[in-house]
Each structure stands twice: as C-alpha cells, then as structure tokens.
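As stored in coords_29.tsv (TSV, C-alpha atoms):
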```
chain	number	residue	atom	x	y	z
V	1	MET	CA	-22.86	3.75	-60.44
V	2	ALA	CA	-19.13	3.94	-59.92
V	3	PHE	CA	-17.73	2.86	-56.52
V	4	SER	CA	-16.65	6.42	-55.64
V	5	ALA	CA	-20.15	7.75	-56.38
V	6	VAL	CA	-21.76	5.06	-54.19
V	7	PHE	CA	-19.32	5.82	-51.35
V	8	LEU	CA	-20.08	9.55	-51.64
V	9	ALA	CA	-23.85	8.94	-51.57
V	10	LEU	CA	-23.58	6.73	-48.47
V	11	SER	CA	-21.39	9.30	-46.72
V	12	LEU	CA	-23.83	12.12	-47.39
V	13	ALA	CA	-26.74	9.98	-46.18
V	14	ALA	CA	-24.89	9.19	-42.95
V	15	GLN	CA	-24.25	12.90	-42.32
V	16	ALA	CA	-27.82	14.01	-43.03
V	17	PRO	CA	-30.00	14.58	-39.92
V	18	GLN	CA	-32.43	11.75	-39.28
V	19	GLN	CA	-36.05	12.46	-38.46
V	20	GLY	CA	-36.74	12.26	-34.73
V	21	VAL	CA	-33.06	12.17	-33.74
V	22	VAL	CA	-31.91	14.85	-31.24
V	23	PRO	CA	-28.35	16.20	-31.66
V	24	ALA	CA	-26.07	14.92	-28.90
V	25	GLY	CA	-24.64	18.33	-28.03
V	26	THR	CA	-21.19	18.89	-26.58
V	27	GLY	CA	-19.37	18.15	-23.33
V	28	ASN	CA	-19.59	15.22	-20.94
V	29	PRO	CA	-22.74	13.04	-20.79
V	30	TYR	CA	-24.29	15.16	-18.01
V	31	GLN	CA	-23.69	18.37	-19.96
V	32	ARG	CA	-25.10	16.84	-23.13
V	33	ALA	CA	-28.17	15.61	-21.26
V	34	GLY	CA	-28.78	19.14	-20.06
V	35	GLN	CA	-28.85	20.38	-23.66
V	36	ILE	CA	-31.62	18.08	-24.89
V	37	PRO	CA	-34.64	20.28	-25.64
V	38	ALA	CA	-37.92	19.82	-23.81
V	39	ARG	CA	-40.83	18.20	-25.60
V	40	ILE	CA	-44.58	18.01	-25.11
V	41	VAL	CA	-45.57	14.44	-25.84
V	42	ASP	CA	-49.26	14.64	-24.95
V	43	PHE	CA	-51.80	17.15	-23.66
V	44	ARG	CA	-55.50	16.27	-23.80
V	45	THR	CA	-58.72	15.92	-21.81
V	46	GLU	CA	-61.16	13.06	-21.57
V	47	PRO	CA	-63.92	13.68	-22.31
V	48	ALA	CA	-63.61	16.86	-24.35
V	49	SER	CA	-67.23	17.85	-23.73
V	50	ILE	CA	-69.24	17.57	-20.49
V	51	GLN	CA	-72.39	18.75	-18.76
V	52	ALA	CA	-72.12	21.31	-15.96
V	53	GLY	CA	-71.00	19.68	-12.71
V	54	GLN	CA	-69.33	16.72	-14.38
V	55	ALA	CA	-65.65	15.86	-14.03
V	56	VAL	CA	-63.03	15.78	-16.76
V	57	THR	CA	-59.55	14.29	-16.59
V	58	ILE	CA	-56.67	16.30	-18.01
V	59	TYR	CA	-53.57	14.37	-19.13
V	60	TRP	CA	-50.07	15.66	-19.78
V	61	ALA	CA	-46.78	14.05	-20.81
V	62	THR	CA	-43.50	15.93	-21.26
V	63	GLU	CA	-39.79	15.21	-21.56
V	64	ASN	CA	-36.61	17.02	-20.43
V	65	GLN	CA	-38.60	19.78	-18.74
V	66	ASP	CA	-37.32	22.23	-16.10
V	67	GLY	CA	-40.82	23.30	-15.08
V	68	ILE	CA	-44.47	22.68	-15.94
V	69	THR	CA	-47.64	24.72	-15.34
V	70	ILE	CA	-51.23	24.29	-16.43
V	71	GLU	CA	-53.52	27.31	-16.20
V	72	PRO	CA	-56.14	27.98	-15.09
V	73	ASP	CA	-57.04	25.94	-11.99
V	74	ILE	CA	-54.00	23.66	-11.73
V	75	GLY	CA	-50.76	25.66	-11.44
V	76	ASN	CA	-47.26	24.27	-11.01
V	77	LEU	CA	-46.66	20.55	-11.53
V	78	PHE	CA	-43.72	18.39	-10.47
V	79	GLN	CA	-44.41	15.26	-12.51
V	80	ALA	CA	-43.31	15.04	-16.13
V	81	ARG	CA	-46.32	12.84	-16.84
V	82	GLY	CA	-49.59	12.61	-15.00
V	83	SER	CA	-53.30	13.34	-14.85
V	84	ARG	CA	-55.64	15.44	-12.74
V	85	GLN	CA	-59.41	15.36	-12.32
V	86	ILE	CA	-61.02	18.79	-12.59
V	87	TYR	CA	-64.54	20.28	-12.59
V	88	PRO	CA	-64.63	23.24	-14.99
V	89	PRO	CA	-67.78	25.31	-14.30
V	90	ALA	CA	-67.78	26.73	-17.83
V	91	THR	CA	-66.18	26.11	-21.21
V	92	THR	CA	-62.48	26.56	-20.49
V	93	THR	CA	-59.26	26.54	-22.49
V	94	TYR	CA	-56.33	25.08	-20.53
V	95	LYS	CA	-52.78	26.08	-21.41
V	96	LEU	CA	-49.78	23.85	-20.75
V	97	THR	CA	-46.46	25.71	-20.45
V	98	VAL	CA	-43.21	23.76	-20.38
V	99	LYS	CA	-39.80	25.26	-19.64
V	100	GLY	CA	-36.72	23.68	-21.20
V	101	PRO	CA	-32.96	24.34	-21.28
V	102	ALA	CA	-31.50	27.65	-22.49
V	103	GLY	CA	-34.74	29.56	-21.95
V	104	GLN	CA	-36.86	27.25	-24.12
V	105	ILE	CA	-40.64	27.72	-23.67
V	106	LEU	CA	-43.25	25.36	-25.16
V	107	THR	CA	-47.02	25.78	-24.95
V	108	ARG	CA	-50.07	23.80	-25.97
V	109	GLU	CA	-53.77	24.40	-25.40
V	110	VAL	CA	-56.82	22.19	-25.05
V	111	THR	CA	-60.46	23.25	-24.61
V	112	VAL	CA	-63.12	21.58	-22.48
V	113	THR	CA	-66.63	22.39	-23.64
V	114	VAL	CA	-69.26	22.64	-20.90
V	115	THR	CA	-72.65	22.41	-22.56
V	116	GLY	CA	-74.74	25.53	-22.26
V	117	THR	CA	-71.97	27.80	-20.97
V	118	ALA	CA	-69.96	30.60	-22.53
V	119	PRO	CA	-66.16	30.34	-22.69
V	120	SER	CA	-64.51	31.49	-19.46
V	121	SER	CA	-61.83	34.16	-19.74
V	122	ALA	CA	-61.00	34.35	-16.03
V	123	VAL	CA	-57.89	32.64	-14.72
V	124	ARG	CA	-59.10	30.80	-11.64
V	125	MET	CA	-57.00	29.12	-9.00
V	126	PRO	CA	-58.60	26.76	-6.47
V	127	ALA	CA	-58.42	27.74	-2.83
V	128	ASP	CA	-56.00	24.96	-1.95
V	129	LEU	CA	-53.44	26.38	-4.40
V	130	ASN	CA	-53.63	30.08	-3.62
V	131	GLN	CA	-54.56	30.09	0.07
V	132	ILE	CA	-52.66	28.75	3.07
V	133	PRO	CA	-54.73	25.94	4.63
V	134	HIS	CA	-55.60	26.07	8.32
V	135	MET	CA	-56.39	23.58	11.07
V	136	PRO	CA	-59.72	23.59	12.96
V	137	ASP	CA	-58.03	25.54	15.77
V	138	GLY	CA	-56.98	28.28	13.33
V	139	LYS	CA	-53.30	27.36	13.20
V	140	PRO	CA	-51.67	27.17	9.75
V	141	ASN	CA	-51.71	23.60	8.48
V	142	LEU	CA	-48.14	22.60	7.58
V	143	THR	CA	-49.15	19.10	6.48
V	144	GLY	CA	-47.60	17.98	3.21
V	145	VAL	CA	-44.66	16.34	1.45
V	146	TYR	CA	-41.71	18.64	0.71
V	147	ASN	CA	-38.50	18.35	-1.30
V	148	GLY	CA	-35.24	17.97	0.59
V	149	ILE	CA	-32.21	20.26	0.24
V	150	PHE	CA	-30.79	18.82	-2.97
V	151	PRO	CA	-27.21	20.08	-3.35
V	152	GLY	CA	-26.22	22.08	-6.43
V	153	THR	CA	-27.61	21.10	-9.79
V	154	PHE	CA	-27.99	17.96	-11.89
V	155	PHE	CA	-26.12	19.54	-14.78
V	156	PRO	CA	-22.99	21.74	-14.63
V	157	GLY	CA	-24.09	25.32	-15.20
V	158	GLY	CA	-27.74	24.32	-15.09
V	159	PRO	CA	-30.53	25.47	-12.77
V	160	ALA	CA	-30.69	24.42	-9.13
V	161	MET	CA	-32.59	21.19	-8.56
V	162	ASN	CA	-35.20	23.00	-6.49
V	163	SER	CA	-35.62	26.12	-4.38
V	164	ALA	CA	-34.62	24.33	-1.18
V	165	GLY	CA	-31.10	23.99	-2.60
V	166	LEU	CA	-30.63	27.76	-2.43
V	167	PRO	CA	-29.71	29.39	0.93
V	168	GLY	CA	-32.07	32.06	2.18
V	169	PRO	CA	-30.93	35.59	3.15
V	170	ARG	CA	-30.68	34.76	6.86
V	171	GLU	CA	-28.38	31.75	6.43
V	172	THR	CA	-24.95	32.13	8.06
V	173	LYS	CA	-21.69	30.18	8.22
V	174	PRO	CA	-20.46	28.30	11.30
V	175	VAL	CA	-17.31	29.55	13.02
V	176	LEU	CA	-15.24	27.03	14.99
V	177	LYS	CA	-13.89	27.91	18.40
V	178	ALA	CA	-10.14	27.98	18.82
V	179	GLY	CA	-8.99	24.44	19.54
V	180	ALA	CA	-12.14	22.88	18.05
V	181	GLU	CA	-10.62	22.17	14.65
V	182	LYS	CA	-11.00	18.42	15.27
V	183	PHE	CA	-14.77	18.83	14.81
V	184	LYS	CA	-14.33	19.73	11.14
V	185	VAL	CA	-14.95	16.59	9.07
V	186	VAL	CA	-12.06	15.65	6.78
V	187	ARG	CA	-12.81	12.55	4.74
V	188	GLY	CA	-10.03	10.18	3.78
V	189	ALA	CA	-9.66	8.30	0.52
V	190	THR	CA	-11.45	5.22	1.91
V	191	ASP	CA	-14.23	7.12	3.71
V	192	THR	CA	-17.52	5.94	2.21
V	193	GLY	CA	-19.39	9.10	3.18
V	194	LEU	CA	-21.99	10.41	5.55
V	195	SER	CA	-24.88	8.10	4.67
V	196	SER	CA	-23.12	4.81	3.91
V	197	ASP	CA	-23.79	3.28	7.34
V	198	CYS	CA	-27.57	3.80	7.15
V	199	MET	CA	-27.71	5.55	10.51
V	200	PRO	CA	-30.02	8.54	11.14
V	201	LEU	CA	-28.58	11.83	9.91
V	202	GLY	CA	-29.78	14.01	12.80
V	203	VAL	CA	-31.20	17.55	12.85
V	204	PRO	CA	-31.17	19.45	10.56
V	205	GLN	CA	-28.91	17.23	8.44
V	206	SER	CA	-31.83	14.87	7.66
V	207	LEU	CA	-33.13	17.57	5.32
V	208	TYR	CA	-29.88	17.52	3.32
V	209	ALA	CA	-30.73	14.41	1.31
V	210	PRO	CA	-32.17	13.94	-2.20
V	211	TYR	CA	-35.36	12.45	-0.76
V	212	GLN	CA	-38.66	13.93	0.29
V	213	TRP	CA	-39.83	14.49	3.85
V	214	GLN	CA	-43.33	14.91	5.25
V	215	ILE	CA	-45.15	16.83	7.97
V	216	VAL	CA	-48.32	15.34	9.48
V	217	GLN	CA	-49.97	17.92	11.74
V	218	GLY	CA	-52.46	17.26	14.52
V	219	ILE	CA	-54.02	19.55	17.11
V	220	ASP	CA	-51.44	18.86	19.84
V	221	ARG	CA	-48.49	17.36	17.98
V	222	VAL	CA	-46.60	17.32	14.70
V	223	VAL	CA	-44.99	14.23	13.17
V	224	ILE	CA	-42.09	14.62	10.73
V	225	LEU	CA	-41.33	11.63	8.49
V	226	TYR	CA	-38.03	11.48	6.62
V	227	GLU	CA	-37.98	9.15	3.61
V	228	TYR	CA	-34.24	8.67	4.09
V	229	PRO	CA	-33.34	6.70	6.11
V	230	GLN	CA	-36.97	6.07	7.18
V	231	VAL	CA	-36.82	7.89	10.54
V	232	PHE	CA	-39.40	10.08	12.26
V	233	ARG	CA	-39.92	12.68	14.98
V	234	VAL	CA	-43.03	13.08	17.15
V	235	ILE	CA	-43.14	16.66	18.45
V	236	PRO	CA	-45.71	17.79	21.05
V	237	THR	CA	-46.93	21.31	20.26
V	238	THR	CA	-48.68	22.14	23.53
V	239	GLY	CA	-46.00	24.69	24.45
V	240	ALA	CA	-44.72	22.66	27.39
V	241	PRO	CA	-40.95	23.19	27.85
V	242	HIS	CA	-38.30	20.54	28.34
V	243	GLU	CA	-38.64	19.25	31.88
V	244	ALA	CA	-36.17	20.91	34.23
V	245	GLY	CA	-33.38	18.52	35.12
V	246	GLN	CA	-34.76	15.94	32.73
V	247	ASP	CA	-32.24	13.17	32.16
V	248	LEU	CA	-32.56	12.55	28.43
V	249	ASP	CA	-31.02	9.51	26.82
V	250	PRO	CA	-28.85	10.83	23.97
V	251	ALA	CA	-30.70	10.22	20.70
V	252	TRP	CA	-29.86	10.45	17.00
V	253	MET	CA	-32.73	12.86	16.33
V	254	GLY	CA	-32.71	14.46	19.77
V	255	HIS	CA	-35.71	15.23	21.98
V	256	SER	CA	-38.09	17.91	20.68
V	257	VAL	CA	-40.85	20.11	22.08
V	258	GLY	CA	-42.87	22.59	20.05
V	259	ARG	CA	-44.88	25.76	20.47
V	260	TRP	CA	-46.64	28.25	18.22
V	261	GLU	CA	-45.52	31.85	17.89
V	262	GLY	CA	-48.26	33.38	15.75
V	263	ASP	CA	-48.21	31.48	12.45
V	264	THR	CA	-44.75	29.98	13.09
V	265	LEU	CA	-44.14	26.56	14.62
V	266	VAL	CA	-41.05	26.70	16.84
V	267	VAL	CA	-39.38	23.37	17.64
V	268	ASP	CA	-36.71	23.23	20.38
V	269	THR	CA	-34.50	20.13	20.33
V	270	ILE	CA	-31.85	18.97	22.81
V	271	GLY	CA	-30.60	15.59	24.02
V	272	PHE	CA	-28.62	14.62	20.93
V	273	ASN	CA	-25.91	11.99	20.82
V	274	ASP	CA	-22.60	13.00	19.24
V	275	LYS	CA	-22.74	10.58	16.30
V	276	THR	CA	-24.24	12.80	13.59
V	277	GLU	CA	-22.90	15.62	11.46
V	278	LEU	CA	-24.12	19.16	10.86
V	279	PRO	CA	-24.49	20.91	7.50
V	280	GLY	CA	-21.15	21.91	6.01
V	281	GLY	CA	-19.30	18.93	7.49
V	282	PHE	CA	-19.00	19.50	11.25
V	283	ARG	CA	-19.31	17.13	14.15
V	284	HIS	CA	-20.76	18.19	17.50
V	285	THR	CA	-21.03	17.19	21.14
V	286	GLU	CA	-24.05	16.16	23.21
V	287	ALA	CA	-24.47	19.86	24.08
V	288	LEU	CA	-25.96	20.50	20.60
V	289	HIS	CA	-29.10	22.65	20.73
V	290	VAL	CA	-31.23	23.27	17.61
V	291	VAL	CA	-34.21	25.63	17.41
V	292	GLU	CA	-36.25	25.25	14.21
V	293	ARG	CA	-38.92	27.58	12.84
V	294	PHE	CA	-41.48	26.35	10.30
V	295	ARG	CA	-43.72	28.89	8.56
V	296	ARG	CA	-45.93	28.42	5.54
V	297	THR	CA	-45.41	31.51	3.39
V	298	SER	CA	-47.76	30.33	0.64
V	299	ALA	CA	-49.87	27.31	-0.20
V	300	THR	CA	-46.87	25.72	-1.92
V	301	THR	CA	-43.87	26.98	0.09
V	302	LEU	CA	-42.62	26.25	3.61
V	303	GLU	CA	-40.01	28.59	5.08
V	304	TYR	CA	-37.54	26.87	7.40
V	305	GLU	CA	-35.00	28.37	9.74
V	306	ALA	CA	-32.76	26.43	12.15
V	307	THR	CA	-30.50	28.08	14.72
V	308	ILE	CA	-27.67	25.70	15.61
V	309	ASP	CA	-25.63	26.03	18.79
V	310	ASP	CA	-22.96	23.89	20.43
V	311	PRO	CA	-20.86	25.95	22.87
V	312	ASN	CA	-18.17	23.26	22.84
V	313	VAL	CA	-17.63	23.61	19.11
V	314	PHE	CA	-18.76	26.97	17.71
V	315	GLU	CA	-17.98	30.58	18.54
V	316	LYS	CA	-21.65	31.52	18.32
V	317	PRO	CA	-24.98	30.10	17.06
V	318	TRP	CA	-25.40	29.93	13.29
V	319	VAL	CA	-28.42	29.71	11.01
V	320	VAL	CA	-29.75	27.52	8.21
V	321	HIS	CA	-32.45	29.29	6.19
V	322	ARG	CA	-34.30	27.54	3.34
V	323	ASN	CA	-37.60	27.50	1.45
V	324	PHE	CA	-39.03	24.05	0.82
V	325	PRO	CA	-41.39	23.54	-2.14
V	326	LEU	CA	-44.52	21.52	-1.49
V	327	ARG	CA	-44.98	18.37	-3.56
V	328	PRO	CA	-48.75	18.40	-4.21
V	329	ASP	CA	-48.32	15.39	-6.46
V	330	LEU	CA	-47.22	13.24	-3.48
V	331	GLU	CA	-49.50	12.10	-0.66
V	332	LYS	CA	-46.75	10.45	1.39
V	333	VAL	CA	-43.04	9.70	1.42
V	334	GLY	CA	-41.95	6.40	-0.06
V	335	GLU	CA	-40.52	3.33	1.63
V	336	PHE	CA	-36.75	3.36	1.88
V	337	VAL	CA	-34.79	0.30	2.98
V	338	CYS	CA	-31.16	1.12	3.72
V	339	GLU	CA	-28.57	-1.67	3.59
V	340	ASN	CA	-25.36	-1.05	5.49
V	341	ASN	CA	-22.38	-0.77	3.14
V	342	ARG	CA	-20.16	-2.82	5.37
V	343	ASP	CA	-16.47	-3.31	4.60
V	344	TYR	CA	-16.14	-7.09	4.45
V	345	ARG	CA	-12.39	-7.20	3.80
V	346	PRO	CA	-11.41	-7.87	7.43
V	347	LEU	CA	-13.51	-11.05	7.37
V	348	PHE	CA	-11.25	-12.53	4.69
V	349	GLY	CA	-7.87	-12.11	6.36
V	350	ASN	CA	-5.31	-10.60	4.02
V	351	SER	CA	-7.45	-11.01	0.95
V	352	LYS	CA	-7.78	-7.92	-1.23
```
Rewritten as structure tokens:
Amino acid sequence: MAFSAVFLALSLAAQAPQQGVVPAGTGNPYQRAGQIPARIVDFRTEPASIQAGQAVTIYWATENQDGITIEPDIGNLFQARGSRQIYPPATTTYKLTVKGPAGQILTREVTVTVTGTAPSSAVRMPADLNQIPHMPDGKPNLTGVYNGIFPGTFFPGGPAMNSAGLPGPRETKPVLKAGAEKFKVVRGATDTGLSSDCMPLGVPQSLYAPYQWQIVQGIDRVVILYEYPQVFRVIPTTGAPHEAGQDLDPAWMGHSVGRWEGDTLVVDTIGFNDKTELPGGFRHTEALHVVERFRRTSATTLEYEATIDDPNVFEKPWVVHRNFPLRPDLEKVGEFVCENNRDYRPLFGNSK
C-alpha cells in the first residue's frame, strides 16, 4: 500500500467513533460534563423468585442522572447506585426511570416472581413514603436528614441542584436602613470567604451550605445537627418563652425556644453574637431575632420559613422561604472536621 493510502486509512480510523466512547460535547469542562447522557449500568433483583413473605433485594446502578425513581413501592432515590430490601406480596414488575440531560428518559424493568401469586398491576407506595409520620403524641415527626440550600446549579444552564436551592413564594429581600450600609458585606481580593475560618455560620445561614443537616425530634425537644461545620442546636418545644430579663451570653447559634402551632414547629431565637452573616451577604448586631417555622408538607418535603429582624440594620423584617427534600437514603449526617485556613505569611516576616 502506498504511503498516502496508509496515511488516509489511519486518518479515517482516528476519526471514526469508537465503541463505548461518549462525545466530549462543547463548552468548558463543566458544560461538557453536563452534556454526557445518563446511563443505566445495572438493574436487577436477587433472588428473582421468592415465596410469599420472603425478602428480595433490588439493585440499581446509574451514571450522569438528574433523577431516579423505582415504582412501585420505592419512589424517588438520591443515590446513583444502591440497593433496597423489599417484600413484594405478589409477583411484581419494578420499573426504573432515569432522567438525564436535555430531557433524556431511560427505563428498565425487572420482575420478581412470588410463587403462587398472580402479577400485581397496582402501583403501591409504602406508608412511610406517602404519609407524613407522626410522634406518639400526635405531632408531625420532622425527624430526618435534609439537603442544604445548594446555590445555583452544578452546570451553567442546567437544573438546580435540589429544590431547596429555589426560593419559595413568600421569600423577600432585605432592605437596609439609611446609614446601615456598613452592614452589607463587600469582600476584598484577599478575603477567603464566609466559611474559611471554620466558625459556626449562624441562623439561618447554616442551611446555606452544600452539606446535609438533620432533625432529631423528641417529645419535649428537637435537636438540629448541621454537618458543616459540625454544630448543633438543642431546642425545647414545651412552649415556654424566653425568660423575661434573661441575660443571655451572645452565642453563634443564638438561644432558641420552640412551640407547636398546629402541625408547624415554631422556633424563636435571640441572643446571637454579631460575628455571623445573614443570607445575601449582610452582617447584623446582637439585636438579631429569627423566628423559624418548620412544617412537613409531605413524607419527603419539609417547608421552612424564617423571619429575620434586626432593627439596627433593616427597615423591616424579611423572610427566607424554602422547601427541603428529605434524604431517605441517609440515616445521619457525616463527620466533618474543619481546619482553619490561617494566613501564615505574618509568621515569616516579609517573606512572600
């Protein structure tokens, strides 16, 4: 073969699509990553056939997904890969639906045979997925791990990271008082940001972090655990008010008391220090007063509303309104160890 013919053959081979290779797309790396199609890697059950009353484990594995559901019985999932033990009462076909970029939808089915039963055509959802759980005293049970308020989206032009990143209809904007412009945060070129010193973020700013947070509810108190930066609040829910004339030591997370108004937990917090920031980049004084309302609107959604007031800073109270998705795949928040990003340059004299 002549040299030119060999060169042409090699060039055509290099241009031909290779099996299993996904086109890179266009734009910057984040934009290209957002264009990679979703894929179902695995969807199966073990065993595939059981006796009535026995358990079966369903396995799924996906890639580049924007959302996953398995019906019936399981519902929305947050893990790209995982497993779940189920007890199908009759022969059941389970359908995995995966959402990908640009409206992509993938499905796959698997059938579990229950000996001696006819195939089930009803779409069943277990009580813990379609009913709001309650405590022994009848109060809604808010216990669970929830996503934080992730800002924006991972990919330019892509979907929001989760529903908590989208303001609710009652959310409003803060308005500074005349002369209070100094409370607006303006970061300089060397400012390392809000969370670089590992200090608590305050209320409600602790929710504005790409980490989960958790509610643990008891009969007479609620504990809120924030994965970042591993801080907590213990809130009595007996309805007792703040003690009149109580001299509270200023605290990063303030001092909270709670009460129930119907199915809504109302948490009133005062006694803050002035070292934290508020959503939108505002500082505050020790007069900060935050009233939070937690209400479970479904088995998988927690509605949150915080009314923020500091008469030294703002013209009037303003509102944060969000819906936090439950993370049923998580039983607890993770351990987070924060290391202070200290500027060591002053320790070395004039060294750069």
Taking only C-alpha atoms into account, produce a table as a Markdown table in which each residue of segment 42-145 of chain V with an atom at most 12 Å from an atom of segment 247-270 of chain V appears once, together with its shortest atom pair and the distance in Å to one decimal, ordered by chain and rising number.
```
| residue | atom | partner | partner_atom | distance |
| --- | --- | --- | --- | --- |
| V:Ile132 | CA | V:Asp263 | CA | 10.7 |
| V:Pro133 | CA | V:Asp263 | CA | 11.6 |
| V:His134 | CA | V:Asp263 | CA | 10.0 |
| V:Met135 | CA | V:Asp263 | CA | 11.5 |
| V:Asp137 | CA | V:Asp263 | CA | 11.9 |
| V:Gly138 | CA | V:Asp263 | CA | 9.4 |
| V:Lys139 | CA | V:Asp263 | CA | 6.6 |
| V:Pro140 | CA | V:Asp263 | CA | 6.2 |
| V:Asn141 | CA | V:Asp263 | CA | 9.5 |
| V:Leu142 | CA | V:Leu265 | CA | 9.0 |
```
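Between atom CA of Pro210 of chain V and atom CA of Gly193 of chain V lies a distance of 14.7 Å.
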Self-check item: segment 211-223 of chain V surroundings by only C-alpha atoms, 10 Å radius, close-in-sequence under 3 positions cut, as a count of residues only
Solution: 46
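Pairwise distance (atom CA of Leu106 of chain V, atom CA of Trp60 of chain V) equals 13.0 Å.
The closest residue to Thr113 of chain V, picked from V:Asn76, V:Thr62, V:Asn162, V:Gln51 and counting only C-alpha atoms, is V:Gln51.
Atom CA of Cys338 of chain V is found 26.1 Å from atom CA of Val290 of chain V.
Shortest separation to Phe43 of chain V among V:Ile58, V:Val337, V:Ala306, V:Ala189 occurs at residue V:Ile58, atoms counted being all atoms listed in the file.
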